[in-house]
file query-v1.pdb (PDB, C-alpha atoms)
ATOM      1  CA  THR A  26     -12.427  13.974  50.372  1.00  0.00           C
ATOM      2  CA  VAL A  27     -13.936  10.614  51.136  1.00  0.00           C
ATOM      3  CA  PRO A  28     -11.220   8.035  50.535  1.00  0.00           C
ATOM      4  CA  VAL A  29     -11.995   5.074  48.329  1.00  0.00           C
ATOM      5  CA  ASP A  30      -8.816   3.537  49.807  1.00  0.00           C
ATOM      6  CA  LYS A  31      -7.184   2.701  46.512  1.00  0.00           C
ATOM      7  CA  TYR A  32      -3.479   3.420  46.220  1.00  0.00           C
ATOM      8  CA  PHE A  33      -1.255   3.018  43.183  1.00  0.00           C
ATOM      9  CA  ASP A  34       2.517   2.640  43.495  1.00  0.00           C
ATOM     10  CA  TYR A  35       2.194   2.341  47.266  1.00  0.00           C
ATOM     11  CA  GLN A  36       5.384   3.014  49.211  1.00  0.00           C
ATOM     12  CA  PRO A  37       5.450   1.635  52.761  1.00  0.00           C
ATOM     13  CA  HIS A  38       5.504   4.883  54.739  1.00  0.00           C
ATOM     14  CA  VAL A  39       8.389   6.542  52.912  1.00  0.00           C
ATOM     15  CA  GLY A  40       8.425  10.089  54.245  1.00  0.00           C
ATOM     16  CA  GLY A  41       4.723   9.809  54.992  1.00  0.00           C
ATOM     17  CA  TRP A  42       3.647   9.540  51.346  1.00  0.00           C
ATOM     18  CA  PRO A  43       1.479   6.493  50.684  1.00  0.00           C
ATOM     19  CA  GLY A  44       1.370   6.626  46.877  1.00  0.00           C
ATOM     20  CA  LEU A  45      -1.168   7.911  44.406  1.00  0.00           C
ATOM     21  CA  ARG A  46      -4.522   7.971  46.191  1.00  0.00           C
ATOM     22  CA  VAL A  47      -7.861   7.822  44.424  1.00  0.00           C
ATOM     23  CA  SER A  48     -10.743   9.497  46.222  1.00  0.00           C
ATOM     24  CA  VAL A  49     -14.386  10.360  45.595  1.00  0.00           C
ATOM     25  CA  ALA A  50     -13.257  13.825  44.452  1.00  0.00           C
ATOM     26  CA  ASP A  51     -11.197  12.163  41.716  1.00  0.00           C
ATOM     27  CA  LEU A  52     -14.166  10.101  40.578  1.00  0.00           C
ATOM     28  CA  THR A  53     -16.226  13.300  40.372  1.00  0.00           C
ATOM     29  CA  LEU A  54     -13.385  14.897  38.414  1.00  0.00           C
ATOM     30  CA  LEU A  55     -13.453  12.007  35.936  1.00  0.00           C
ATOM     31  CA  VAL A  56     -17.216  12.443  35.434  1.00  0.00           C
ATOM     32  CA  LEU A  57     -16.904  16.211  34.876  1.00  0.00           C
ATOM     33  CA  LEU A  58     -13.768  16.025  32.701  1.00  0.00           C
ATOM     34  CA  PRO A  59     -15.618  15.286  29.407  1.00  0.00           C
ATOM     35  CA  VAL A  60     -17.991  18.204  30.093  1.00  0.00           C
ATOM     36  CA  ALA A  61     -15.058  20.557  30.737  1.00  0.00           C
ATOM     37  CA  CYS A  62     -13.205  19.348  27.620  1.00  0.00           C
ATOM     38  CA  THR A  63     -16.309  19.842  25.475  1.00  0.00           C
ATOM     39  CA  SER A  64     -16.714  23.326  26.930  1.00  0.00           C
ATOM     40  CA  TRP A  65     -13.070  24.079  26.096  1.00  0.00           C
ATOM     41  CA  LEU A  66     -13.491  22.810  22.518  1.00  0.00           C
ATOM     42  CA  ILE A  67     -16.444  25.140  21.872  1.00  0.00           C
ATOM     43  CA  GLY A  68     -14.566  28.081  23.373  1.00  0.00           C
ATOM     44  CA  GLN A  69     -16.343  28.424  26.719  1.00  0.00           C
ATOM     45  CA  GLY A  70     -13.568  27.168  28.991  1.00  0.00           C
ATOM     46  CA  ARG A  71     -10.481  28.684  27.414  1.00  0.00           C
ATOM     47  CA  ARG A  72     -10.143  31.513  29.939  1.00  0.00           C
ATOM     48  CA  ALA A  73     -11.296  29.657  33.021  1.00  0.00           C
ATOM     49  CA  LEU A  74      -8.113  30.262  35.018  1.00  0.00           C
ATOM     50  CA  PRO A  75      -6.271  33.570  35.459  1.00  0.00           C
ATOM     51  CA  GLY A  76      -2.898  33.861  33.746  1.00  0.00           C
ATOM     52  CA  VAL A  77      -1.159  34.809  36.997  1.00  0.00           C
ATOM     53  CA  PHE A  78      -2.389  31.612  38.615  1.00  0.00           C
ATOM     54  CA  LEU A  79      -1.191  29.526  35.663  1.00  0.00           C
ATOM     55  CA  GLY A  80       2.184  31.288  35.818  1.00  0.00           C
ATOM     56  CA  LEU A  81       2.586  30.425  39.502  1.00  0.00           C
ATOM     57  CA  ILE A  82       1.701  26.783  38.858  1.00  0.00           C
ATOM     58  CA  ALA A  83       4.189  26.718  35.960  1.00  0.00           C
ATOM     59  CA  LEU A  84       6.941  28.035  38.262  1.00  0.00           C
ATOM     60  CA  GLN A  85       6.012  25.419  40.841  1.00  0.00           C
ATOM     61  CA  LEU A  86       6.241  22.687  38.194  1.00  0.00           C
ATOM     62  CA  VAL A  87       9.680  23.945  37.111  1.00  0.00           C
ATOM     63  CA  LEU A  88      10.833  23.770  40.729  1.00  0.00           C
ATOM     64  CA  TYR A  89       9.425  20.249  41.060  1.00  0.00           C
ATOM     65  CA  ALA A  90      11.118  19.210  37.797  1.00  0.00           C
ATOM     66  CA  PHE A  91      14.514  20.384  39.097  1.00  0.00           C
ATOM     67  CA  SER A  92      13.835  18.562  42.358  1.00  0.00           C
ATOM     68  CA  TRP A  93      12.919  15.419  40.416  1.00  0.00           C
ATOM     69  CA  MET A  94      16.056  15.557  38.241  1.00  0.00           C
ATOM     70  CA  HIS A  95      18.357  15.758  41.270  1.00  0.00           C
ATOM     71  CA  SER A  96      16.474  13.397  43.539  1.00  0.00           C
ATOM     72  CA  PRO A  97      18.020  10.114  44.639  1.00  0.00           C
ATOM     73  CA  ARG A  98      14.493   8.592  44.535  1.00  0.00           C
ATOM     74  CA  ARG A  99      12.870   9.857  41.349  1.00  0.00           C
ATOM     75  CA  ASP A 100       9.908   7.546  41.814  1.00  0.00           C
ATOM     76  CA  LEU A 101       9.020   9.315  45.068  1.00  0.00           C
ATOM     77  CA  SER A 102       9.718  12.871  43.922  1.00  0.00           C
ATOM     78  CA  PHE A 103       7.487  12.302  40.889  1.00  0.00           C
ATOM     79  CA  PHE A 104       4.503  12.379  43.298  1.00  0.00           C
ATOM     80  CA  GLU A 105       5.012  16.151  43.743  1.00  0.00           C
ATOM     81  CA  ILE A 106       4.591  16.702  40.005  1.00  0.00           C
ATOM     82  CA  VAL A 107       1.524  14.467  39.868  1.00  0.00           C
ATOM     83  CA  SER A 108      -0.016  16.308  42.836  1.00  0.00           C
ATOM     84  CA  ALA A 109       0.525  19.732  41.237  1.00  0.00           C
ATOM     85  CA  LEU A 110      -0.958  18.565  37.925  1.00  0.00           C
ATOM     86  CA  HIS A 111      -3.894  16.975  39.761  1.00  0.00           C
ATOM     87  CA  SER A 112      -4.550  20.241  41.589  1.00  0.00           C
ATOM     88  CA  LEU A 113      -4.335  22.211  38.340  1.00  0.00           C
ATOM     89  CA  LEU A 114      -6.699  19.826  36.556  1.00  0.00           C
ATOM     90  CA  LEU A 115      -9.191  19.949  39.424  1.00  0.00           C
ATOM     91  CA  CYS A 116      -9.034  23.739  39.487  1.00  0.00           C
ATOM     92  CA  TRP A 117      -9.548  23.994  35.705  1.00  0.00           C
ATOM     93  CA  VAL A 118     -12.506  21.591  35.679  1.00  0.00           C
ATOM     94  CA  VAL A 119     -14.251  23.427  38.514  1.00  0.00           C
ATOM     95  CA  ALA A 120     -13.621  26.843  36.936  1.00  0.00           C
ATOM     96  CA  THR A 121     -14.837  25.599  33.552  1.00  0.00           C
ATOM     97  CA  VAL A 122     -17.941  23.695  34.625  1.00  0.00           C
ATOM     98  CA  PHE A 123     -19.378  25.842  37.412  1.00  0.00           C
ATOM     99  CA  ARG A 124     -20.737  29.278  36.672  1.00  0.00           C
ATOM    100  CA  ARG A 125     -20.196  32.400  38.751  1.00  0.00           C
ATOM    101  CA  ARG A 126     -23.836  32.571  39.893  1.00  0.00           C
ATOM    102  CA  VAL A 127     -23.415  29.404  42.006  1.00  0.00           C
ATOM    103  CA  LEU A 128     -19.979  30.430  43.259  1.00  0.00           C
ATOM    104  CA  ASP A 129     -21.253  32.241  46.372  1.00  0.00           C
ATOM    105  CA  GLY A 130     -23.081  29.151  47.644  1.00  0.00           C
ATOM    106  CA  ILE A 131     -20.142  26.852  46.875  1.00  0.00           C
ATOM    107  CA  LEU A 132     -17.658  29.135  48.629  1.00  0.00           C
ATOM    108  CA  LEU A 133     -19.946  29.572  51.635  1.00  0.00           C
ATOM    109  CA  ALA A 134     -20.378  25.805  52.044  1.00  0.00           C
ATOM    110  CA  LEU A 135     -16.669  25.196  51.508  1.00  0.00           C
ATOM    111  CA  ALA A 136     -15.602  27.940  53.914  1.00  0.00           C
ATOM    112  CA  SER A 137     -18.026  26.608  56.537  1.00  0.00           C
ATOM    113  CA  GLN A 138     -16.602  23.096  56.225  1.00  0.00           C
ATOM    114  CA  VAL A 139     -13.018  24.338  56.451  1.00  0.00           C
ATOM    115  CA  LEU A 140     -13.850  26.463  59.511  1.00  0.00           C
ATOM    116  CA  VAL A 141     -15.633  23.637  61.346  1.00  0.00           C
ATOM    117  CA  HIS A 142     -12.918  21.059  60.712  1.00  0.00           C
ATOM    118  CA  SER A 143     -10.100  23.523  61.403  1.00  0.00           C
ATOM    119  CA  ALA A 144     -11.734  24.690  64.652  1.00  0.00           C
ATOM    120  CA  VAL A 145     -12.035  21.088  65.844  1.00  0.00           C
ATOM    121  CA  ALA A 146      -8.402  20.435  64.831  1.00  0.00           C
ATOM    122  CA  GLY A 147      -7.343  23.574  66.719  1.00  0.00           C
ATOM    123  CA  LEU A 148      -9.187  22.363  69.816  1.00  0.00           C
ATOM    124  CA  GLN A 149      -7.487  18.980  69.499  1.00  0.00           C
ATOM    125  CA  VAL A 150      -4.062  20.623  69.482  1.00  0.00           C
ATOM    126  CA  ALA A 151      -4.890  23.143  72.228  1.00  0.00           C
ATOM    127  CA  THR A 152      -6.311  20.555  74.622  1.00  0.00           C
ATOM    128  CA  GLY A 153      -4.366  17.470  73.546  1.00  0.00           C
ATOM    129  CA  ARG A 154      -7.662  15.592  73.661  1.00  0.00           C
ATOM    130  CA  ALA A 155      -9.470  13.665  70.969  1.00  0.00           C
ATOM    131  CA  ILE A 156     -12.332  16.139  70.557  1.00  0.00           C
ATOM    132  CA  GLY A 157     -14.546  14.826  67.758  1.00  0.00           C
ATOM    133  CA  ALA A 158     -12.112  12.025  66.886  1.00  0.00           C
ATOM    134  CA  GLY A 159     -13.867   8.774  66.111  1.00  0.00           C
ATOM    135  CA  LEU A 160     -17.172  10.564  65.497  1.00  0.00           C
ATOM    136  CA  PHE A 161     -17.258   9.319  61.884  1.00  0.00           C
ATOM    137  CA  GLY A 162     -15.197   6.166  62.433  1.00  0.00           C
ATOM    138  CA  GLY A 163     -11.482   5.657  62.590  1.00  0.00           C
ATOM    139  CA  ARG A 164      -9.153   6.274  65.512  1.00  0.00           C
ATOM    140  CA  GLU A 165     -10.533   7.743  68.698  1.00  0.00           C
ATOM    141  CA  GLN A 166      -7.372   9.601  69.588  1.00  0.00           C
ATOM    142  CA  VAL A 167      -5.241  12.387  68.200  1.00  0.00           C
ATOM    143  CA  LEU A 168      -2.183  10.993  66.462  1.00  0.00           C
ATOM    144  CA  ASN A 169       0.975  11.786  68.412  1.00  0.00           C
ATOM    145  CA  GLU A 170       4.043  11.641  66.196  1.00  0.00           C
ATOM    146  CA  GLY A 171       7.622  11.498  67.466  1.00  0.00           C
ATOM    147  CA  LEU A 172      10.149  13.295  65.288  1.00  0.00           C
ATOM    148  CA  THR A 173      13.783  12.246  64.904  1.00  0.00           C
ATOM    149  CA  SER A 174      14.782  15.361  66.862  1.00  0.00           C
ATOM    150  CA  GLY A 175      13.029  13.903  69.905  1.00  0.00           C
ATOM    151  CA  VAL A 176      10.129  16.363  69.757  1.00  0.00           C
ATOM    152  CA  SER A 177       6.649  14.912  69.898  1.00  0.00           C
ATOM    153  CA  LEU A 178       3.856  16.728  68.018  1.00  0.00           C
ATOM    154  CA  LEU A 179       0.131  16.181  67.760  1.00  0.00           C
ATOM    155  CA  ARG A 180      -1.235  15.670  64.245  1.00  0.00           C
ATOM    156  CA  PRO A 181      -4.852  16.875  64.395  1.00  0.00           C
ATOM    157  CA  SER A 182      -7.473  15.359  62.139  1.00  0.00           C
ATOM    158  CA  GLY A 183     -10.483  17.580  62.759  1.00  0.00           C
ATOM    159  CA  LEU A 184     -13.576  15.409  62.326  1.00  0.00           C
ATOM    160  CA  PHE A 185     -11.823  13.192  59.770  1.00  0.00           C
ATOM    161  CA  VAL A 186     -10.607   9.687  60.541  1.00  0.00           C
ATOM    162  CA  HIS A 187      -6.916  10.466  59.934  1.00  0.00           C
ATOM    163  CA  PRO A 188      -4.700  13.569  59.624  1.00  0.00           C
ATOM    164  CA  ILE A 189      -3.808  12.695  56.016  1.00  0.00           C
ATOM    165  CA  VAL A 190      -7.502  12.631  55.047  1.00  0.00           C
ATOM    166  CA  PHE A 191      -7.902  16.030  56.754  1.00  0.00           C
ATOM    167  CA  ALA A 192      -4.902  17.286  54.757  1.00  0.00           C
ATOM    168  CA  ASP A 193      -6.479  15.896  51.545  1.00  0.00           C
ATOM    169  CA  PHE A 194      -9.665  17.810  52.332  1.00  0.00           C
ATOM    170  CA  LEU A 195      -7.757  21.054  52.862  1.00  0.00           C
ATOM    171  CA  PHE A 196      -5.631  20.434  49.753  1.00  0.00           C
ATOM    172  CA  LEU A 197      -8.683  19.866  47.557  1.00  0.00           C
ATOM    173  CA  SER A 198     -10.446  22.919  49.015  1.00  0.00           C
ATOM    174  CA  LEU A 199      -7.760  25.359  47.849  1.00  0.00           C
ATOM    175  CA  PRO A 200      -8.210  24.775  44.079  1.00  0.00           C
ATOM    176  CA  LEU A 201     -11.948  25.382  44.451  1.00  0.00           C
ATOM    177  CA  VAL A 202     -11.307  28.722  46.108  1.00  0.00           C
ATOM    178  CA  ALA A 203      -8.682  29.647  43.484  1.00  0.00           C
ATOM    179  CA  ALA A 204     -11.015  28.641  40.659  1.00  0.00           C
TER     180      ALA A 204
END
call {"tool": "encode", "arguments": {"input": "query-v1.pdb", "output": "structure tokens"}}
result
Amino acid sequence: TVPVDKYFDYQPHVGGWPGLRVSVADLTLLVLLPVACTSWLIGQGRRALPGVFLGLIALQLVLYAFSWMHSPRRDLSFFEIVSALHSLLLCWVVATVFRRRVLDGILLALASQVLVHSAVAGLQVATGRAIGAGLFGGREQVLNEGLTSGVSLLRPSGLFVHPIVFADFLFLSLPLVAA
């Protein structure tokens, strides 16, 4: 994901969640959404996602709903529900719009990207050095985060500018593979 750096309902570092983030992947989703909806209306996209997958997402949403109902900060716990629905929508659009004949190339490119970034992140953790950090802008060091327990952990970012952007990339890769 390439961040557009637009946040809605920003919370100043509450549990590490910055708010609802809009990225280039979301803008692509918005462009493809009318195509996917049209495909669904004419009957082409109705079985895009396996029932088992939809069942698992439904169970996850039930769990998030219970968490939301009992949360002292409902505004923050609502982000979990939005994230799950965003992932489901992204997965459905990709499964509806892209045909199986291009799937091999998409999965190969995606798997290659995940392997490269994950290998660099693994090297960052193993060596404690900023291997590849700052290559595409951003910080030139691996983020070192101190936990309340007193333990200090490295948060690798691969070749991305920040660990959260790396996490966004991994998060958005999973629906493509599932689709």
call {"tool": "axis_aligned_box", "arguments": {"input": "query-v1.pdb", "around": "range 171-177 of chain A", "padding_each_side": "5 Å", "output": "JSON"}}
result
{"center_x": 10.7, "center_y": 13.9, "center_z": 67.4, "size_x": 18.1, "size_y": 14.9, "size_z": 15.0}
call {"tool": "atom_distance", "arguments": {"input": "query-v1.pdb", "atom1": "CA of Cys62 in chain A", "atom2": "CA of Val87 in chain A"}}
result
25.2 Å
call {"tool": "closest_residue", "arguments": {"input": "query-v1.pdb", "among": "A:Ala136, A:Ala83, A:Val186, A:Leu178", "to": "Leu160 in chain A", "atoms": "all atoms listed in the file"}}
result
A:Val186
call {"tool": "resolve_selection", "arguments": {"input": "query-v1.pdb", "expression": "the PyMOL selection byres ((chain A and resi 155) around 10)", "output": "list in words"}}
result
Val145, Ala146, Leu148, Gln149, Val150, Thr152, Gly153, Arg154, Ile156, Gly157, Ala158, Gly159, Leu160, Arg164, Glu165, Gln166, Val167, Leu168, Pro181, Ser182, Gly183 and Leu184 of chain A
call {"tool": "closest_residue", "arguments": {"input": "query-v1.pdb", "among": "A:Leu81, A:Leu179, A:Ile189, A:Val118", "to": "Leu54 in chain A", "atoms": "only C-alpha atoms"}}
result
A:Val118
call {"tool": "residues_near_point", "arguments": {"input": "query-v1.pdb", "point": "(-4.4, 29.3, 34.5)", "cutoff": "10 Å", "atoms": "all atoms listed in the file", "output": "PDB file with C-alpha atoms, in the coordinates of the input"}}
result
ATOM      1  CA  ARG A  71     -10.481  28.684  27.414  1.00  0.00           C
ATOM      2  CA  ARG A  72     -10.143  31.513  29.939  1.00  0.00           C
ATOM      3  CA  ALA A  73     -11.296  29.657  33.021  1.00  0.00           C
ATOM      4  CA  LEU A  74      -8.113  30.262  35.018  1.00  0.00           C
ATOM      5  CA  PRO A  75      -6.271  33.570  35.459  1.00  0.00           C
ATOM      6  CA  GLY A  76      -2.898  33.861  33.746  1.00  0.00           C
ATOM      7  CA  VAL A  77      -1.159  34.809  36.997  1.00  0.00           C
ATOM      8  CA  PHE A  78      -2.389  31.612  38.615  1.00  0.00           C
ATOM      9  CA  LEU A  79      -1.191  29.526  35.663  1.00  0.00           C
ATOM     10  CA  GLY A  80       2.184  31.288  35.818  1.00  0.00           C
ATOM     11  CA  LEU A  81       2.586  30.425  39.502  1.00  0.00           C
ATOM     12  CA  ILE A  82       1.701  26.783  38.858  1.00  0.00           C
ATOM     13  CA  ALA A  83       4.189  26.718  35.960  1.00  0.00           C
ATOM     14  CA  LEU A 113      -4.335  22.211  38.340  1.00  0.00           C
ATOM     15  CA  LEU A 114      -6.699  19.826  36.556  1.00  0.00           C
ATOM     16  CA  CYS A 116      -9.034  23.739  39.487  1.00  0.00           C
ATOM     17  CA  TRP A 117      -9.548  23.994  35.705  1.00  0.00           C
ATOM     18  CA  ALA A 120     -13.621  26.843  36.936  1.00  0.00           C
ATOM     19  CA  ALA A 203      -8.682  29.647  43.484  1.00  0.00           C
ATOM     20  CA  ALA A 204     -11.015  28.641  40.659  1.00  0.00           C
TER      21      ALA A 204
END
call {"tool": "atom_distance", "arguments": {"input": "query-v1.pdb", "atom1": "CA of Arg124 in chain A", "atom2": "CA of Ser108 in chain A"}}
result
25.2 Å
